[in-house]
Amino acid sequence: MSNQWFTGQTITQTIEDNLGERYFYGLRRTDDGELFLGKLDQLSLNDTIAINKEGDPVDNYTEFDEGGEFFEGRDSAHNLTYKNLNYEQFRWDDANLFYYVNEEGELVVRINQGPNDGAVQYAGDDIVIQDSDREWDNTNLTLDNNNITFDQT
């Protein structure tokens with residue numbers, strides 16, 4: 001009879017530890033002012049994100065890299081800095097953020113769950129947050145211009 005021993009991390013732990021930031025969030029705005037948020041989970045086999053649109057390669061954003069953040073998609077006159085770039089701002093994060101507009105028309109973010117998942121309980125913590133909808137601080141965020149950023153300042 002032989003004994004089988006396993007030491008070290010599981011495959012999932014190895015992937016998650018070496019992945020860096022898991023989720024990509026990209027924000028773009030149409031000429032009519034509509035905002036769109038693209039999200040990619042690197043561990044999903046079905047998620048895809050196109051960084052550049054089809055067009056002249058001279059107009060492509062070429063500095064894209066995992067973990068890199070970009071917030072300069074429009075210049076001071078609100079013109080696109082790269083014609084083919086799909087997302088005027090983007091960032092990477094380990095948190096699975098779910099953004100949505102609630103019934104009152106407020107932009108809300110939930111962490112690691114959707115709007116209908118009930119109370120939030122964080123791993124390793126006995127605190128259960130009953131009202132897990134969090135509204136943005138309206139003193140720093142407006143949706144009628146391109147000053148919205150994903151930075152954590």
# chains A, B, ... in the order shown; residues from 1 in each chain; ligands from 1
$ residues_around --residues "Gly68 of chain A" --least-positions-apart "5" --cutoff "10 Å" --atoms "only C-alpha atoms" --output "MDAnalysis selection string"
chainID A and resid 21 24 63 90:92
$ write_last_selection --atoms "C-alpha atoms" --output "PDB file, in the first residue's frame"
ATOM      1  CA  GLU A  21      -5.226  42.032 -10.027  1.00  0.00           C
ATOM      2  CA  PHE A  24     -10.324  44.730 -15.276  1.00  0.00           C
ATOM      3  CA  GLU A  63       0.844  50.696 -23.550  1.00  0.00           C
ATOM      4  CA  PHE A  90      -9.372  51.733 -16.908  1.00  0.00           C
ATOM      5  CA  ARG A  91      -7.952  50.055 -13.864  1.00  0.00           C
ATOM      6  CA  TRP A  92      -7.371  46.602 -12.385  1.00  0.00           C
TER       7      TRP A  92
END
$ closest_residue --among "A:Thr48, A:Asn112, A:Ser76, A:Asn84" --to "Thr62 of chain A" --atoms "only C-alpha atoms"
A:Asn84
$ atom_distance --atom1 "atom CA of Val58 of chain A" --atom2 "atom CA of Gly73 of chain A"
15.5 Å
$ select_by_dssp --residues "segment 6-79 of chain A" --states "alpha helix (DSSP H)" --output "PyMOL selection string"
chain A and resi 11-18
$ write_last_selection --atoms "N, CA and C atoms" --output "JSON list (two decimals), in the first residue's frame"
[["chain", "number", "residue", "atom", "x", "y", "z"],
["A", 11, "ILE", "N", -3.85, 24.26, -7.18],
["A", 11, "ILE", "CA", -3.76, 24.97, -8.45],
["A", 11, "ILE", "C", -4.47, 26.31, -8.36],
["A", 12, "THR", "N", -5.64, 26.33, -7.73],
["A", 12, "THR", "CA", -6.40, 27.57, -7.59],
["A", 12, "THR", "C", -5.60, 28.60, -6.80],
["A", 13, "GLN", "N", -4.97, 28.19, -5.70],
["A", 13, "GLN", "CA", -4.18, 29.12, -4.90],
["A", 13, "GLN", "C", -3.00, 29.66, -5.71],
["A", 14, "THR", "N", -2.35, 28.81, -6.47],
["A", 14, "THR", "CA", -1.22, 29.23, -7.29],
["A", 14, "THR", "C", -1.64, 30.26, -8.32],
["A", 15, "ILE", "N", -2.78, 30.02, -9.00],
["A", 15, "ILE", "CA", -3.26, 30.96, -10.01],
["A", 15, "ILE", "C", -3.60, 32.30, -9.35],
["A", 16, "GLU", "N", -4.37, 32.25, -8.26],
["A", 16, "GLU", "CA", -4.81, 33.49, -7.62],
["A", 16, "GLU", "C", -3.63, 34.27, -7.02],
["A", 17, "ASP", "N", -2.63, 33.58, -6.48],
["A", 17, "ASP", "CA", -1.48, 34.26, -5.89],
["A", 17, "ASP", "C", -0.58, 34.92, -6.94],
["A", 18, "ASN", "N", -0.55, 34.37, -8.15],
["A", 18, "ASN", "CA", 0.35, 34.88, -9.19],
["A", 18, "ASN", "C", -0.36, 35.71, -10.24]]
$ closest_residue --among "A:Val101, A:Leu85, A:Ile51, A:Ala95" --to "Leu35 of chain A" --atoms "only C-alpha atoms"
A:Val101
$ select_by_dssp --residues "segment 30-93 of chain A" --states "strand (DSSP E)" --output "list in words"
Leu35, Phe36, Leu37, Gly38, Lys39, Leu40, Asp41, Gln89, Phe90, Arg91, Trp92 and Asp93 of chain A
$ residues_around --residues "Ser44 of chain A" --least-positions-apart "4" --cutoff "12 Å" --atoms "only C-alpha atoms" --output "PyMOL selection string"
chain A and resi 22-24+39-40+48-49
$ residues_around --residues "Leu37 of chain A" --least-positions-apart "5" --cutoff "10 Å" --atoms "only C-alpha atoms" --output "PyMOL selection string"
chain A and resi 25-29+87+89-90+99-100
$ closest_residue --among "A:Asn52, A:Lys83, A:Val109, A:Leu43" --to "Phe64 of chain A" --atoms "only C-alpha atoms"
A:Asn52
$ atom_distance --atom1 "atom CA of Phe70 of chain A" --atom2 "atom CA of Ala50 of chain A"
15.0 Å
$ atom_distance --atom1 "atom CA of Glu104 of chain A" --atom2 "atom CA of Asp41 of chain A"
28.5 Å
